[in-house]
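This is start18.csv (CSV, C-alpha atoms).
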chain,number,residue,atom,x,y,z
A,1,GLU,CA,85.7,30.5,71.0
A,2,LEU,CA,82.5,28.9,72.4
A,3,ALA,CA,82.0,27.2,69.0
A,4,GLU,CA,85.3,25.5,69.3
A,5,GLU,CA,84.5,24.2,72.7
A,6,LEU,CA,81.3,22.6,71.4
A,7,LEU,CA,82.7,21.1,68.2
A,8,ASP,CA,83.7,17.8,69.7
A,9,TYR,CA,80.2,17.1,70.9
A,10,LEU,CA,78.4,17.7,67.5
A,11,PRO,CA,77.5,14.8,65.2
A,12,ILE,CA,80.5,13.8,63.1
A,13,ASN,CA,79.1,15.0,59.9
A,14,LEU,CA,78.9,18.6,61.4
A,15,ARG,CA,82.5,18.5,62.6
A,16,LEU,CA,84.3,17.9,59.3
A,17,PRO,CA,86.3,21.0,58.1
A,18,GLY,CA,84.7,22.9,55.2
A,19,VAL,CA,81.3,21.1,55.5
A,20,VAL,CA,79.3,23.5,57.6
A,21,GLN,CA,79.4,27.1,58.6
A,22,TRP,CA,77.9,28.7,61.7
A,23,VAL,CA,75.5,31.5,60.7
A,24,LEU,CA,73.9,33.7,63.3
A,25,ARG,CA,70.2,33.5,62.4
A,26,TYR,CA,68.6,35.1,65.4
A,27,THR,CA,69.6,37.4,68.3
A,28,PRO,CA,67.3,40.1,69.8
A,29,LYS,CA,70.0,42.7,69.5
A,30,ALA,CA,69.8,42.5,65.7
A,31,HIS,CA,66.3,41.0,65.0
A,32,GLY,CA,64.1,42.4,67.8
A,33,VAL,CA,62.6,40.6,70.8
A,34,SER,CA,60.1,38.3,69.1
A,35,LEU,CA,59.7,34.5,69.4
A,36,ALA,CA,57.8,34.6,66.1
A,37,THR,CA,60.7,36.3,64.4
A,38,MET,CA,63.1,33.7,65.9
A,39,TYR,CA,60.9,30.9,64.4
A,40,ARG,CA,60.7,32.7,61.1
A,41,ASN,CA,64.5,33.3,60.9
A,42,VAL,CA,65.4,29.6,61.6
A,43,ALA,CA,62.5,28.0,59.6
A,44,GLU,CA,64.8,26.9,56.8
A,45,HIS,CA,67.5,25.5,59.0
A,46,GLU,CA,67.3,22.0,60.5
A,47,LYS,CA,70.3,22.0,62.9
A,48,SER,CA,71.2,24.8,65.2
A,49,ILE,CA,72.9,25.8,68.4
A,50,VAL,CA,71.0,27.9,71.0
A,51,LEU,CA,73.3,30.0,73.2
A,52,ILE,CA,71.8,31.8,76.2
A,53,GLN,CA,73.5,34.2,78.6
A,54,ASP,CA,71.6,35.0,81.8
A,55,THR,CA,72.1,38.2,83.9
A,56,ASN,CA,74.4,36.2,86.2
A,57,ASP,CA,76.8,35.7,83.3
A,58,TYR,CA,76.1,32.0,83.0
A,59,ILE,CA,76.3,30.8,79.3
A,60,PHE,CA,74.4,27.6,78.4
A,61,GLY,CA,72.2,26.2,75.7
A,62,GLY,CA,71.7,23.2,73.5
A,63,PHE,CA,72.2,21.6,70.1
A,64,ALA,CA,68.8,21.3,68.3
A,65,PRO,CA,68.8,18.5,65.6
A,66,ALA,CA,65.5,19.7,64.1
A,67,THR,CA,64.0,23.0,63.0
A,68,TRP,CA,62.6,25.2,65.7
A,69,ALA,CA,58.9,25.5,65.0
A,70,PRO,CA,55.7,25.7,67.1
A,71,SER,CA,54.3,22.2,67.8
A,72,THR,CA,52.0,20.5,70.2
A,73,ARG,CA,54.5,17.9,71.4
A,74,PHE,CA,58.2,17.2,71.9
A,75,TYR,CA,60.2,16.5,68.8
A,76,GLY,CA,63.9,16.1,67.7
A,77,SER,CA,66.3,13.2,68.0
A,78,GLY,CA,68.9,11.6,70.2
A,79,GLU,CA,71.5,13.8,68.6
A,80,ALA,CA,70.2,16.6,70.8
A,81,PHE,CA,72.3,17.7,73.8
A,82,VAL,CA,72.4,20.5,76.3
A,83,PHE,CA,75.5,22.2,77.8
A,84,SER,CA,76.6,24.8,80.3
A,85,PHE,CA,79.9,26.8,80.4
A,86,GLY,CA,78.9,28.0,83.8
A,87,TRP,CA,79.8,31.4,85.0
A,88,VAL,CA,81.9,33.2,82.3
A,89,LYS,CA,83.7,36.3,83.3
A,90,ALA,CA,83.6,39.1,80.7
A,91,SER,CA,86.4,39.0,78.1
A,92,THR,CA,87.7,35.6,79.2
A,93,ALA,CA,87.4,32.2,77.6
A,94,PRO,CA,85.2,29.6,79.4
A,95,GLU,CA,87.2,27.2,81.6
A,96,GLN,CA,85.2,24.1,80.6
A,97,VAL,CA,81.9,23.0,79.2
A,98,ASN,CA,79.6,20.7,81.0
A,99,PHE,CA,78.1,18.4,78.3
A,100,TYR,CA,74.8,16.5,78.8
A,101,PRO,CA,73.9,14.0,76.0
A,102,TRP,CA,70.7,12.1,75.7
A,103,THR,CA,70.2,9.4,78.3
A,104,SER,CA,67.5,7.3,76.5
A,105,GLN,CA,65.2,7.9,79.5
A,106,ASN,CA,62.6,9.7,77.3
A,107,GLU,CA,62.3,11.5,74.0
A,108,CYS,CA,61.7,15.0,75.3
A,109,PHE,CA,64.4,16.6,73.1
A,110,MET,CA,62.9,19.9,71.9
A,111,TYR,CA,59.6,21.7,72.6
A,112,ALA,CA,58.3,24.9,71.0
A,113,ASP,CA,54.9,26.6,70.9
A,114,HIS,CA,53.7,30.2,70.7
A,115,ASP,CA,54.4,30.8,74.4
A,116,LEU,CA,57.9,29.3,74.9
A,117,PHE,CA,60.7,27.1,73.6
A,118,GLY,CA,63.0,24.8,75.3
A,119,MET,CA,65.0,21.5,75.5
A,120,GLY,CA,64.8,18.5,77.7
A,121,GLY,CA,61.7,17.4,79.7
A,122,GLY,CA,60.0,15.0,82.0
A,123,ASP,CA,58.2,15.4,85.3
A,124,GLY,CA,57.0,18.8,84.1
A,125,ARG,CA,60.6,20.2,83.9
A,126,HIS,CA,62.9,21.4,81.1
A,127,ALA,CA,66.7,21.6,80.9
A,128,PHE,CA,66.0,25.1,79.8
A,129,VAL,CA,62.8,26.9,78.7
A,130,ILE,CA,62.5,30.5,77.5
A,131,GLN,CA,59.2,32.4,77.8
A,132,GLN,CA,57.6,34.2,74.8
A,133,ASP,CA,59.0,37.6,76.0
A,134,LEU,CA,62.5,36.1,75.6
A,135,LEU,CA,63.4,37.8,78.9
A,136,LYS,CA,62.5,35.1,81.5
A,137,GLY,CA,63.5,31.4,81.6
A,138,HIS,CA,63.8,28.4,83.8
A,139,SER,CA,66.3,25.5,84.1
A,140,SER,CA,65.8,22.2,85.9
A,141,PRO,CA,67.4,18.8,86.0
A,142,THR,CA,65.7,16.5,83.5
A,143,PRO,CA,65.6,12.8,82.8
A,144,THR,CA,66.2,13.5,79.1
A,145,PHE,CA,69.8,14.7,79.6
A,146,ARG,CA,70.4,14.0,83.3
A,147,ASN,CA,71.6,17.6,83.5
A,148,ASP,CA,72.2,19.9,86.4
A,149,VAL,CA,70.6,23.4,86.4
A,150,LEU,CA,72.3,25.0,83.4
A,151,ALA,CA,71.8,28.7,84.4
A,152,GLY,CA,72.9,30.6,87.4
A,153,SER,CA,69.7,29.7,89.2
A,154,ASP,CA,66.5,27.8,88.4
A,155,ASP,CA,64.6,30.9,87.4
A,156,PHE,CA,66.7,33.4,85.4
A,157,VAL,CA,66.6,36.6,83.4
A,158,VAL,CA,67.9,36.4,79.9
A,159,ARG,CA,70.7,38.9,79.0
A,160,ASN,CA,71.1,37.5,75.4
A,161,ILE,CA,70.0,34.7,73.2
A,162,GLU,CA,71.7,33.6,69.9
A,163,VAL,CA,70.5,30.9,67.5
A,164,TRP,CA,73.3,29.7,65.2
A,165,ALA,CA,72.3,27.6,62.2
A,166,LEU,CA,74.7,25.0,61.1
A,167,GLU,CA,74.5,25.4,57.4
A,168,GLU,CA,76.1,23.2,54.7
A,169,ILE,CA,78.7,25.0,52.6
A,170,GLN,CA,77.6,24.8,49.0
Would you encode the structure as structure tokens?
Amino acid sequence: ELAEELLDYLPINLRLPGVVQWVLRYTPKAHGVSLATMYRNVAEHEKSIVLIQDTNDYIFGGFAPATWAPSTRFYGSGEAFVFSFGWVKASTAPEQVNFYPWTSQNECFMYADHDLFGMGGGDGRHAFVIQQDLLKGHSSPTPTFRNDVLAGSDDFVVRNIEVWALEEIQ
């Protein structure tokens, strides 16, 4: 259901029927709570969707147009975007998605190192950033996406993370 809501915002080559499949490559429930494992599981996959649920039942995340891997600087491309479904009541479909595309203000699309990963940046802020323990995060407005706070509050506790690779069907 959430995938269908995001489909219209993906690059056109990822929207065509029968071209890509969404494959769950990382979630702590199946793969353990490890940032290193997340990087290892998505290492072969260039495009992905990160979905985060906080303990206030807000669901949000971003489209990553490059492989998640530790780096010393921001990377990615203007295809990146972040989104929030807001508060999603259990067993109900989200009412709407708030979509935040690249603004051209800066090129702070994706950031990853051994201590955290996140999207968006500028002025020392991130649209979302998840700490190494994969339990704590922070969300702020950023010039990259001109987004609102994506989570239920600036500082949040993670209930679940999923990284879905968008893989070409062979």
*For Thr92 in chain A, which residue among A:Trp164, A:Thr55, A:Leu2, A:Phe128 is the nearest when counting all atoms listed in the file?*
A:Leu2
*Considering all atoms listed in the file, return as a ChimeraX atom specification whatever protein or nucleic-acid residues lie within 12 Å of Val88 in chain A, sequence-local ones (same chain, fewer than 2 positions apart) excluded.*
/A:2,52-60,84-86,90-97,151-152
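In this model, the gap between CA of Asp133 in chain A and CA of Pro65 in chain A comes to 23.9 Å.
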*Work out how far CA of Ile169 in chain A is from CA of Leu16 in chain A, in Å to one decimal.*
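Going from CA of Leu16 in chain A over to CA of Ile169 in chain A, I get 11.3 Å.
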_What's around Leu135 in chain A at 12 Å? Count only C-alpha atoms, leave out sequence neighbours fewer than 6 positions away in its own chain, and write the answer as a list of chain:residue names._
A:Pro28, A:Val33, A:Ser34, A:Leu35, A:Ile52, A:Gln53, A:Asp54, A:Thr55, A:Leu116, A:Val129, A:Asp155, A:Phe156, A:Val157, A:Val158, A:Arg159, A:Asn160, A:Ile161
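With CA of Ile49 in chain A on one side and CA of Asp8 in chain A on the other, the separation reads 13.5 Å.
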*asked:* Neighbouring residues of Ala36 in chain A were defined as those with any atom within 10 Å, considering all atoms listed in the file; residues of the same chain fewer than 5 positions away were excluded. Please report them as JSON, numbers by chain.
replied: {"A": [41, 69, 70, 113, 114, 115, 132]}
Please produce a file of those selected residues containing C-alpha atoms, as an mmCIF file, keeping the file's coordinate frame.
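Everything below was put into result14.cif:
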data_model
loop_
_atom_site.group_PDB
_atom_site.id
_atom_site.type_symbol
_atom_site.label_atom_id
_atom_site.label_comp_id
_atom_site.auth_asym_id
_atom_site.auth_seq_id
_atom_site.Cartn_x
_atom_site.Cartn_y
_atom_site.Cartn_z
ATOM 1 C CA ASN A 41 64.500 33.300 60.900
ATOM 2 C CA ALA A 69 58.900 25.500 65.000
ATOM 3 C CA PRO A 70 55.700 25.700 67.100
ATOM 4 C CA ASP A 113 54.900 26.600 70.900
ATOM 5 C CA HIS A 114 53.700 30.200 70.700
ATOM 6 C CA ASP A 115 54.400 30.800 74.400
ATOM 7 C CA GLN A 132 57.600 34.200 74.800
#
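Of the listed residues A:Val82, A:Ile12, A:Ala112, A:Leu6, the one whose atoms come nearest to Leu150 in chain A is A:Val82, with distances taken using all atoms listed in the file.
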_Surrounding residues of range 165-167 of chain A excluding itself and chain neighbours under 2 positions, 9 Å, only C-alpha atoms, as a ChimeraX atom specification_ = /A:14,19-26,42,45-50,163,169-170
*Nearest to Glu162 in chain A, chosen from A:Ala43, A:Ala80, A:Cys108, A:Leu134, with only C-alpha atoms counted in the distances*: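 Selected residue with least distance to Glu162 in chain A: A:Leu134.
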*Using only C-alpha atoms, pick whichever of A:Arg15, A:Arg73, A:His138, A:Arg125 has the shortest atom-to-atom distance to Gly61 in chain A.*
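Under the stated criterion, the closest residue is A:His138.
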